[in-house]
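These notes are about the structure you will find just below.
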2 protein chains.
Amino acid sequence: MARERKIDMVILGLLSHEDLTGYDIKKRIDGAISSFWKGSFGNIYPALKDMEKQGLITKNDTSVGGREKTTYHITESGSDALKDWLKEEQVSNELKYETLLKLFFGGAESREVSVHNIEVFEEQIQKDLKVLKTYSENLEKALDIEDHLYYSLTASFGIETYKAYLKWCAKAKKMLKQRGGK
Amino acid sequence: MARERKIDMVILGLLSHEDLTGYDIKKRIDGAISSFWKGSFGNIYPALKDMEKQGLITKNDTSVGGREKTTYHITESGSDALKDWLKEEQVSNELKYETLLKLFFGGAESREVSVHNIEVFEEQIQKDLKVLKTYSENLEKALDIEDHLYYSLTASFGIETYKAYLKWCAKAKKMLKQRGGK
DNA sequence: AAAAAGATATATCAAATAGATATATAAAGG
DNA sequence: CCTTTATATATCTATTTGATATATCTTTTT
């Protein structure tokens, strides 16, 4: 058996603030959450169906014109499930860095290949950092809103780690260019 | 269709250094690689079978006493596949931080809960950092070995990011304890 | 020396995730 | 008017995760 489905908690967390459609949920996940969690239609829609059966959320079908859409709303029971999860001790934090995997096995190719791979990574991080900084600055304009504090803290996590990445990139490139590599 | 199977590259990378059994591969992944990639028997064994069919690796069955074991060896074609992958531009780096997910939705519970969750994370990172530092120090004793340079760079990535995490933990806890939270 | 515990070794299964794709309507732009 | 983009739901396959089953060999405890 695989562990408990985490997408459920992402959905409950989002629905605890506002009613949303599956499509809306995907958009929210692709936004601020994307730097530390991912979601796809392939697990969002099945999870919504399941959770409705379990009574954690309720659905509300509406049709605007010829277009049908289903909005979900969190129930008392769903809200409790979210709170229980927040209080659980064990967490699974896992990162899968293909860039590091390539570097680890970098010896199978020339050093130039590894340097280039680091440069590709570096550029991506620089872009991501820029986006996160803008997001963070906007949040800090209204830190009196309780939720903004939480969003700001997760953004700051990203900013701090991205900065560490960039520092490492410079160092790693230097090391690879030094001491007469093959 | 899901993207190309990444476990294949982990296996090829490991086999490029020495012949290994599936069990050995699991042990290697759980070691130095574990901080940036994971693997399980559930994907290692099927991948080995597949790759053998594809001619990327060859198998060698031996029986020591009544105990059977299969050792795998990388082929020329497997070695080429590894090098091709190293030279590919696109990479998928994804982190799934349940700790951050909980913090993002922290507003559904008291600030104490979030502070506690950060403390749990902090302790784990402190442990991991200690292990990585020891590993890194041992590598640096013999940096003249080409491969050690690569292993050292990946270890240093972990060390730098873990340090950034700890710095963030202190800051985040301070923020949550300040300004009269609920 | 026997029993228990732990390490070695392979394999498989269910649940969850990733990523792509299919379908159809609505809105916006040229 | 037509094309492109956004909205919205759904499904499928491949892959990964995590657990479990089985069996042998080795080391430690009694």
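Ordering of the structure tokens sets the chain letters (A, B, ...), residue numbers begin anew at 1 in every chain, and ligands are numbered from 1 in the order given.
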DSSP on the backbone, alpha helix (DSSP H) only: what residues of chain A does that give? Format it as a PyMOL selection string.
chain A and resi 7-15+22-30+41-53+76-87+98-104+111-140+146-177
Any idea which chain B residues end up within 10 Å of chain C if we count only C-alpha atoms (C1' of nucleotides), as a short mmCIF file (atom, residue, chain, number, x, y, z; two decimals) with N, CA and C atoms, in the first residue's frame please?
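So part-v8.cif came out as:
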```
data_model
loop_
_atom_site.label_atom_id
_atom_site.label_comp_id
_atom_site.auth_asym_id
_atom_site.auth_seq_id
_atom_site.Cartn_x
_atom_site.Cartn_y
_atom_site.Cartn_z
N MET B 1 1.16 9.42 -21.27
CA MET B 1 2.42 8.72 -21.02
C MET B 1 3.30 9.51 -20.05
N ALA B 2 3.83 8.81 -19.11
CA ALA B 2 4.74 9.47 -18.17
C ALA B 2 6.10 9.59 -18.84
N ARG B 3 6.90 10.47 -18.33
CA ARG B 3 8.23 10.72 -18.89
C ARG B 3 9.11 9.47 -18.83
N THR B 21 24.06 -6.42 -7.80
CA THR B 21 22.76 -7.10 -7.78
C THR B 21 21.70 -6.02 -7.52
N GLY B 22 20.44 -6.38 -7.68
CA GLY B 22 19.36 -5.43 -7.41
C GLY B 22 19.41 -4.94 -5.97
N TYR B 23 19.72 -5.84 -5.10
CA TYR B 23 19.82 -5.52 -3.67
C TYR B 23 20.95 -4.52 -3.41
N ASP B 24 22.08 -4.76 -4.05
CA ASP B 24 23.23 -3.83 -3.94
C ASP B 24 22.84 -2.43 -4.40
N PHE B 41 12.64 -1.42 -4.37
CA PHE B 41 12.68 -2.71 -5.05
C PHE B 41 11.60 -2.75 -6.13
N GLY B 42 10.49 -2.11 -5.82
CA GLY B 42 9.36 -2.08 -6.74
C GLY B 42 9.65 -1.45 -8.10
N TYR B 45 13.80 -3.79 -9.59
CA TYR B 45 13.77 -5.11 -10.23
C TYR B 45 13.09 -5.11 -11.61
N PRO B 46 11.91 -4.48 -11.74
CA PRO B 46 11.32 -4.42 -13.09
C PRO B 46 12.23 -3.69 -14.08
N ARG B 67 21.88 -20.33 -2.20
CA ARG B 67 21.39 -18.96 -2.37
C ARG B 67 21.70 -18.46 -3.77
N GLU B 68 20.66 -18.11 -4.49
CA GLU B 68 20.89 -17.61 -5.84
C GLU B 68 20.99 -16.09 -5.87
N LYS B 69 21.84 -15.62 -6.76
CA LYS B 69 21.94 -14.16 -6.90
C LYS B 69 22.30 -13.77 -8.32
N THR B 70 21.75 -12.64 -8.75
CA THR B 70 21.94 -12.18 -10.12
C THR B 70 22.69 -10.86 -10.11
#
```
Can you build me a table of chain B residues sitting at most 6 Å from chain A, with the closest atom pair per residue and its distance in Å to one decimal, using only C-alpha atoms, sorted by chain and residue number, as a tab-separated table?
```
residue	atom	partner	partner_atom	distance
B:Gly13	CA	A:Phe105	CA	5.8
B:Phe36	CA	A:Lys96	CA	5.1
B:Trp37	CA	A:Lys96	CA	4.9
B:Leu86	CA	A:Lys102	CA	5.8
B:Val91	CA	A:Glu98	CA	5.9
B:Ser92	CA	A:Glu98	CA	5.9
B:Asn93	CA	A:Tyr97	CA	4.5
B:Glu94	CA	A:Lys96	CA	5.4
B:Leu95	CA	A:Leu95	CA	4.0
B:Lys96	CA	A:Trp37	CA	4.9
B:Tyr97	CA	A:Asn93	CA	4.5
B:Glu98	CA	A:Asn93	CA	5.6
B:Lys102	CA	A:Leu86	CA	5.8
B:Phe104	CA	A:Tyr150	CA	5.3
B:Phe105	CA	A:Gly13	CA	5.8
B:Gly107	CA	A:Asp147	CA	5.8
B:Asp147	CA	A:Gly107	CA	5.8
B:Tyr150	CA	A:Phe104	CA	5.3
B:Tyr151	CA	A:Phe104	CA	5.5
B:Thr161	CA	A:Ala164	CA	5.8
B:Ala164	CA	A:Thr161	CA	5.8
```
Please identify all residues of chain D having at least one atom at most 6 Å from any atom of chain B, considering only C-alpha atoms (C1' of nucleotides), and return them as a PyMOL selection string. chain D and resi 13-14+24
Residues from the last selection, C-alpha atoms (C1' of nucleotides), saved as a PDB file, in the first residue's frame:
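Saved the output as selection-v9.pdb:
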```pdb
ATOM      1  C1'  DT D  13      -0.734   4.546 -19.430  1.00  0.00           C
ATOM      2  C1'  DA D  14       3.617   4.431 -17.363  1.00  0.00           C
ATOM      3  C1'  DT D  24      18.730 -18.111   2.861  1.00  0.00           C
TER       4       DT D  24
END
```
Next item on the list: May I have all residues of segment 11-158 of chain A that DSSP, computed from the backbone, assigns to strand (DSSP E or B), given as a ChimeraX atom specification?
Entry: /A:20,57-64,67-74,93-97
Restricting the output to C-alpha atoms, write the selected residues as a PDB file, in the first residue's frame.
```pdb
ATOM      1  CA  LEU A  20     -13.337  25.811  -6.072  1.00  0.00           C
ATOM      2  CA  ILE A  57     -16.399  17.827   0.701  1.00  0.00           C
ATOM      3  CA  THR A  58     -19.751  18.465  -0.991  1.00  0.00           C
ATOM      4  CA  LYS A  59     -20.300  19.250  -4.622  1.00  0.00           C
ATOM      5  CA  ASN A  60     -22.475  21.847  -6.269  1.00  0.00           C
ATOM      6  CA  ASP A  61     -23.221  21.425  -9.967  1.00  0.00           C
ATOM      7  CA  THR A  62     -24.066  24.547 -11.883  1.00  0.00           C
ATOM      8  CA  SER A  63     -24.399  25.289 -15.555  1.00  0.00           C
ATOM      9  CA  VAL A  64     -23.446  28.675 -16.916  1.00  0.00           C
ATOM     10  CA  ARG A  67     -21.175  24.910 -19.895  1.00  0.00           C
ATOM     11  CA  GLU A  68     -21.355  22.682 -16.823  1.00  0.00           C
ATOM     12  CA  LYS A  69     -19.138  23.156 -13.838  1.00  0.00           C
ATOM     13  CA  THR A  70     -18.819  21.558 -10.422  1.00  0.00           C
ATOM     14  CA  THR A  71     -17.763  23.605  -7.438  1.00  0.00           C
ATOM     15  CA  TYR A  72     -16.608  21.876  -4.257  1.00  0.00           C
ATOM     16  CA  HIS A  73     -17.122  23.007  -0.688  1.00  0.00           C
ATOM     17  CA  ILE A  74     -15.382  21.722   2.444  1.00  0.00           C
ATOM     18  CA  ASN A  93       9.948  15.580   2.531  1.00  0.00           C
ATOM     19  CA  GLU A  94      11.501  14.323  -0.647  1.00  0.00           C
ATOM     20  CA  LEU A  95      13.424  16.027  -3.347  1.00  0.00           C
ATOM     21  CA  LYS A  96      14.326  14.519  -6.686  1.00  0.00           C
ATOM     22  CA  TYR A  97      17.053  16.518  -8.305  1.00  0.00           C
TER      23      TYR A  97
END
```
Grab the atom CA of Tyr135 of chain A to atom CA of Lys27 of chain A distance for me, in Å with one decimal place.
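For atom CA of Tyr135 of chain A relative to atom CA of Lys27 of chain A, the distance reads 15.7 Å.
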Check your understanding: What is the atom CA of Gln54 of chain B to atom C1' of DT15 of chain D distance in Å?
Key ->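 Value for the atom CA of Gln54 of chain B-atom C1' of DT15 of chain D distance: 17.8 Å.
Taking atom CA of Lys174 of chain B and atom CA of Glu137 of chain A as endpoints, the distance between them is 19.1 Å.
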Using only C-alpha atoms, find the one residue out of A:Leu132, A:Leu15, A:Ile25, A:Gln124 that sits nearest to Glu76 of chain A.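 Result for the nearest residue to Glu76 of chain A: A:Leu15.
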Restricting to only C-alpha atoms, whichever of B:Leu129, B:Ile44, B:Ala142, B:Leu56 is closest to Ala81 of chain B is B:Leu56
